[in-house]
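Enquirer: Provided below: model.cif, containing mmCIF, C-alpha atoms and all ligand atoms.
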data_input
loop_
_atom_site.label_atom_id
_atom_site.label_comp_id
_atom_site.auth_asym_id
_atom_site.auth_seq_id
_atom_site.Cartn_x
_atom_site.Cartn_y
_atom_site.Cartn_z
CA MET F 58 12.40 -18.47 -32.62
CA GLN F 59 12.85 -19.35 -29.02
CA ARG F 60 10.04 -18.55 -26.70
CA ILE F 61 10.82 -17.25 -23.27
CA PRO F 62 9.06 -19.61 -20.89
CA VAL F 63 6.48 -17.92 -18.70
CA PRO F 64 6.73 -19.46 -15.25
CA GLU F 65 3.49 -20.71 -13.76
CA PRO F 66 2.93 -18.83 -10.52
CA ALA F 67 3.53 -20.99 -7.49
CA PRO F 68 1.01 -20.73 -4.63
CA ALA F 69 3.56 -18.58 -2.84
CA ALA F 70 3.19 -15.97 -5.61
CA LYS F 71 -0.12 -14.97 -4.05
CA GLU F 72 1.69 -13.42 -1.12
CA PRO F 73 1.29 -9.68 -0.77
CA GLY F 74 4.10 -7.87 -2.49
CA SER F 75 4.50 -10.50 -5.19
CA SER F 76 5.02 -9.11 -8.68
CA LYS F 77 3.14 -12.00 -10.32
CA GLY F 78 -0.21 -10.33 -9.91
CA LEU F 79 -1.58 -11.56 -13.23
CA GLY F 80 -1.01 -15.22 -12.35
CA ARG F 81 -4.59 -16.41 -12.04
CA ILE F 82 -5.94 -14.01 -14.64
CA ARG F 83 -3.92 -15.67 -17.37
CA HIS F 84 -5.87 -18.91 -17.46
CA TYR F 85 -8.90 -17.46 -19.21
CA ILE F 86 -7.18 -15.05 -21.59
CA ASP F 87 -7.62 -16.68 -24.94
CA PRO F 88 -8.07 -14.50 -28.03
CA MET F 89 -9.56 -17.50 -29.88
CA ASP F 90 -12.32 -17.75 -27.32
CA LYS F 91 -15.34 -17.50 -29.64
CA ALA F 92 -17.99 -17.49 -26.92
CA ARG F 93 -16.41 -14.47 -25.29
CA THR F 94 -16.03 -12.73 -28.65
CA ILE F 95 -19.77 -13.20 -29.23
CA ARG F 96 -20.38 -11.87 -25.71
CA ASN F 97 -18.24 -8.81 -26.51
CA VAL F 98 -20.41 -8.08 -29.57
CA ALA F 99 -23.65 -8.67 -27.64
CA ASN F 100 -22.61 -6.33 -24.84
CA VAL F 101 -21.73 -3.59 -27.35
CA LEU F 102 -25.11 -3.95 -29.08
CA ASN F 103 -27.07 -4.05 -25.81
CA LEU F 104 -25.30 -0.80 -24.82
CA SER F 105 -23.83 -2.09 -21.55
CA THR F 106 -20.22 -1.94 -22.78
CA PRO F 107 -20.68 1.58 -24.24
CA LEU F 108 -22.04 2.69 -20.82
CA GLY F 109 -19.01 1.11 -19.12
CA LEU F 110 -16.64 2.89 -21.50
CA VAL F 111 -18.33 6.25 -20.81
CA LEU F 112 -18.06 5.66 -17.03
CA GLY F 113 -14.38 4.69 -17.37
CA LEU F 114 -13.63 7.84 -19.36
CA VAL F 115 -15.63 10.09 -17.02
CA GLY F 116 -13.78 8.52 -14.08
CA LYS F 117 -10.47 9.22 -15.84
CA GLY F 118 -9.30 5.61 -15.47
CA LYS F 119 -6.32 4.17 -17.32
CA ALA F 120 -7.72 1.79 -19.95
CA ARG F 121 -6.13 -1.56 -20.79
CA ARG F 122 -7.27 -4.88 -22.20
CA VAL F 123 -7.22 -7.97 -20.03
CA GLY F 124 -8.41 -10.90 -22.12
CA HIS F 125 -11.91 -10.09 -23.32
CA LEU F 126 -12.41 -7.35 -20.78
CA VAL F 127 -11.46 -3.67 -20.85
CA VAL F 128 -10.23 -2.53 -17.46
CA PHE F 129 -10.13 1.10 -16.36
CA GLU F 130 -7.56 1.16 -13.57
CA ASP F 131 -7.40 3.81 -10.87
CA VAL F 132 -10.82 5.09 -11.88
CA LYS F 133 -12.33 7.89 -9.81
CA LEU F 134 -16.08 7.50 -9.48
CA PRO F 135 -17.86 8.42 -6.24
CA LEU F 136 -20.51 5.68 -6.53
CA ILE F 137 -18.17 2.69 -6.53
CA ASN F 138 -17.33 1.35 -3.11
CA ALA F 139 -16.35 -2.15 -4.24
CA SER F 140 -12.96 -3.53 -5.33
CA ALA F 141 -14.25 -3.46 -8.89
CA MET F 142 -17.48 -2.87 -10.75
CA THR F 143 -18.26 -4.42 -14.11
CA VAL F 144 -20.50 -2.73 -16.67
CA GLY F 145 -20.83 -4.81 -19.84
CA ASP F 146 -17.34 -6.01 -20.71
CA VAL F 147 -15.77 -3.08 -18.89
CA VAL F 148 -14.29 -3.40 -15.39
CA LEU F 149 -14.03 -0.18 -13.40
CA MET F 150 -11.35 -0.48 -10.75
CA PRO F 151 -11.13 2.38 -8.27
CA GLY F 152 -7.74 3.30 -6.84
CA ARG F 153 -5.88 0.18 -8.02
CA THR F 154 -4.29 -1.63 -10.90
CA VAL F 155 -5.37 -5.14 -11.93
CA GLU F 156 -2.18 -6.55 -10.39
CA GLN F 157 -2.73 -4.76 -7.08
CA ALA F 158 -6.38 -5.86 -6.89
CA SER F 159 -5.52 -9.45 -7.88
CA ARG F 160 -2.88 -9.63 -5.17
CA LEU F 161 -5.59 -8.90 -2.61
CA ILE F 162 -8.31 -10.99 -4.31
CA PRO F 163 -6.57 -13.52 -6.62
CA ASP F 164 -9.70 -14.54 -8.58
CA LEU F 165 -11.26 -11.10 -8.83
CA MET F 166 -10.93 -10.88 -12.63
CA ALA F 167 -12.56 -14.30 -13.09
CA HIS F 168 -15.39 -13.06 -10.85
CA GLU F 169 -15.80 -9.87 -12.89
CA ASP F 170 -15.74 -11.91 -16.10
CA GLU F 171 -18.82 -13.78 -14.81
CA HIS F 172 -20.59 -10.44 -14.34
CA ALA F 173 -19.88 -9.64 -18.01
CA TRP F 174 -21.77 -12.86 -18.94
CA GLN F 175 -24.65 -11.75 -16.72
CA TYR F 176 -24.97 -8.50 -18.68
CA ALA F 177 -25.18 -10.53 -21.88
CA TYR F 178 -27.94 -12.84 -20.64
CA CYS F 179 -29.88 -9.95 -19.07
CA LEU F 180 -29.75 -8.29 -22.53
CA GLY F 181 -27.62 -5.44 -21.21
CA LEU F 182 -28.95 -2.60 -19.14
CA PRO F 183 -31.83 -4.56 -17.49
CA PHE F 184 -28.98 -6.10 -15.47
CA LEU F 185 -28.71 -2.89 -13.44
CA PRO F 186 -32.24 -2.79 -11.91
CA LEU F 187 -32.16 -6.59 -11.51
CA TYR F 188 -28.86 -6.31 -9.67
CA GLY F 189 -30.41 -3.58 -7.49
CA LEU F 190 -33.29 -5.89 -6.58
CA ALA F 191 -30.90 -8.76 -5.86
CA THR F 192 -28.87 -6.45 -3.61
CA ALA F 193 -32.00 -5.37 -1.69
CA TRP F 194 -32.99 -9.03 -1.24
CA SER F 195 -29.52 -9.88 0.03
CA MET F 196 -29.61 -6.98 2.52
CA LEU F 197 -32.93 -8.25 3.79
CA ARG F 198 -31.83 -11.87 4.12
CA THR F 199 -28.27 -11.43 5.36
CA GLY F 200 -27.63 -7.76 6.19
CA ASP F 201 -24.95 -7.84 3.49
CA ARG F 202 -25.28 -6.72 -0.12
CA ALA F 203 -23.62 -9.78 -1.66
CA SER F 204 -24.19 -12.93 0.43
CA ALA F 205 -27.70 -13.71 -0.92
CA ASN F 206 -27.42 -11.66 -4.12
CA HIS F 207 -28.13 -14.04 -7.01
CA PHE F 208 -25.61 -12.35 -9.31
CA GLU F 209 -22.79 -12.31 -6.75
CA VAL F 210 -23.46 -15.90 -5.70
CA GLN F 211 -23.42 -17.01 -9.34
CA ALA F 212 -20.17 -15.11 -9.97
CA ASN F 213 -18.77 -16.88 -6.86
CA LEU F 214 -18.69 -14.89 -3.62
CA LEU F 215 -15.28 -16.11 -2.53
CA LYS F 216 -13.70 -15.29 -5.90
CA GLY F 217 -15.11 -11.78 -5.57
CA GLY F 218 -13.55 -11.36 -2.15
CA TYR F 219 -16.87 -11.49 -0.31
CA ARG F 220 -17.55 -13.25 2.94
CA ILE F 221 -20.51 -15.61 3.07
CA ARG F 222 -22.98 -14.59 5.75
CA ASP F 223 -25.76 -16.71 7.19
CA LYS F 224 -29.32 -16.06 6.10
CA ARG F 225 -31.73 -14.75 8.70
CA PRO F 226 -35.53 -15.13 8.88
CA LEU F 227 -37.38 -12.61 6.70
CA ARG F 228 -39.19 -11.08 9.65
CA GLU F 229 -35.92 -10.46 11.45
CA GLY F 230 -34.49 -8.90 8.27
CA PHE F 231 -37.39 -6.47 7.94
CA ARG F 232 -37.19 -5.56 11.62
CA THR F 233 -33.45 -4.84 11.40
CA LEU F 234 -33.70 -2.79 8.19
CA LEU F 235 -36.63 -0.71 9.50
CA LYS F 236 -34.75 0.11 12.69
CA ARG F 237 -32.04 1.93 10.71
ZN ZN X 301 -19.30 -9.21 -8.06
#
I'd like the structure from this file rewritten - as structure tokens, please.
Ligand SMILES: [Zn+2]
Expert:
Amino acid sequence: MQRIPVPEPAPAAKEPGSSKGLGRIRHYIDPMDKARTIRNVANVLNLSTPLGLVLGLVGKGKARRVGHLVVFEDVKLPLINASAMTVGDVVLMPGRTVEQASRLIPDLMAHEDEHAWQYAYCLGLPFLPLYGLATAWSMLRTGDRASANHFEVQANLLKGGYRIRDKRPLREGFRTLLKR
């Protein structure tokens, strides 16, 4: 049987309007990836993936599999104001498809995949309050919810489409936040 060659996306494929939106996602899709299979099981048992599935269904997203992640595209949830939010091995993507989001932020799915690992090592739902604390710390240090957020830094800020902001002295951070 002859296989149809899948062309590797050239750098130019990242241009807006390109139809090769899945280009950079492909590199980590491997069904034989045992570590990620174990992660999938762990995130089901620690209840983070079930929570993600419930949110995706409540938000009436269109479910599809992308590698070891389940993505709910065009999800409608009022609390999400990011390009994507990962809960367990589930990625909630408001108002966009994976291809559309990846055209804007080429490594977004790799970034979200890192968050799925973070759920596993936080033993599931404890990730959520820990992420909240990390967000508060980042707001204090940088005025931005991601720049000094341990989880976002570890998942790679640039891959997640975030800008890296300079840290400010703690006292200045407190003063600015209290003024709001
Ligand atoms: Zn992130």
Enquirer: Would you mind listing what lies within 10 Å of F:Thr154 as a list in words, with all atoms listed in the file counted and same-chain residues fewer than 4 positions away left out?
Expert: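 Contacts, with the query itself left out: Gly78, Gly118, Lys119, Val128, Phe129, Glu130, Asp131, Val132, Met150, Ala158, Ser159 and Arg160 of chain F.
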Enquirer: Would you compute the distance between atom CA of F:Leu136 and atom CA of F:Gly181? Give it in Å to one decimal.
Expert: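 Answer for the atom CA of F:Leu136 to atom CA of F:Gly181 separation: 19.7 Å.
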Enquirer: Please identify every polymer residue within 8 Å of ligand ZN 301 (chain X), using all atoms listed in the file, and present the set as a ChimeraX atom specification.
Expert: /F:141-143,168-169,172,203,208-209,212-214,217
Enquirer: So that I can check the surroundings of F:Leu180, please list as a list in words every protein, DNA and RNA residue that reaches within 12 Å of it, counting only C-alpha atoms and ignoring chain neighbours fewer than 6 positions away.
Expert: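 In the requested form, the answer reads Arg96, Val98, Ala99, Asn100, Val101, Leu102, Asn103, Leu104, Ser105, Thr106, Gly145, Ala173, Trp174 and Leu187 of chain F.
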Enquirer: Would you compute the distance between atom CA of F:Ala92 and atom CA of F:His207? Give it in Å to one decimal.
Expert: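 Rounded to one decimal, the two atoms are 22.6 Å apart.
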Enquirer: Atom CA of F:Asp146 and atom CA of F:Met196 are how many Å apart?
Expert: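 According to the coordinates, atom CA of F:Asp146 and atom CA of F:Met196 are separated by 26.3 Å.
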Enquirer: Under the rule that all atoms listed in the file are counted, which of F:Leu197, F:Ala205, F:Ala120, F:Val210 is the nearest residue to F:Phe231?
Expert: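 Smallest separation from F:Phe231 among the options: F:Leu197.
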Enquirer: Edge lengths and centre, in Å to one decimal, as AutoDock Vina command-line options: that's what I need for the box along x, y and z that holds all listed atoms of stretch 109-125 of chain F plus 5 Å on each side.
Expert:
--center_x -12.6 --center_y -0.4 --center_z -18.7 --size_x 22.9 --size_y 31.0 --size_z 19.2
Enquirer: Which residue, F:Arg121, F:Lys236, F:Trp194, F:Gly113, has the smallest gap to F:Lys224 when you use only C-alpha atoms?
Expert: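 The shortest atom-to-atom distance to F:Lys224 comes from F:Trp194.
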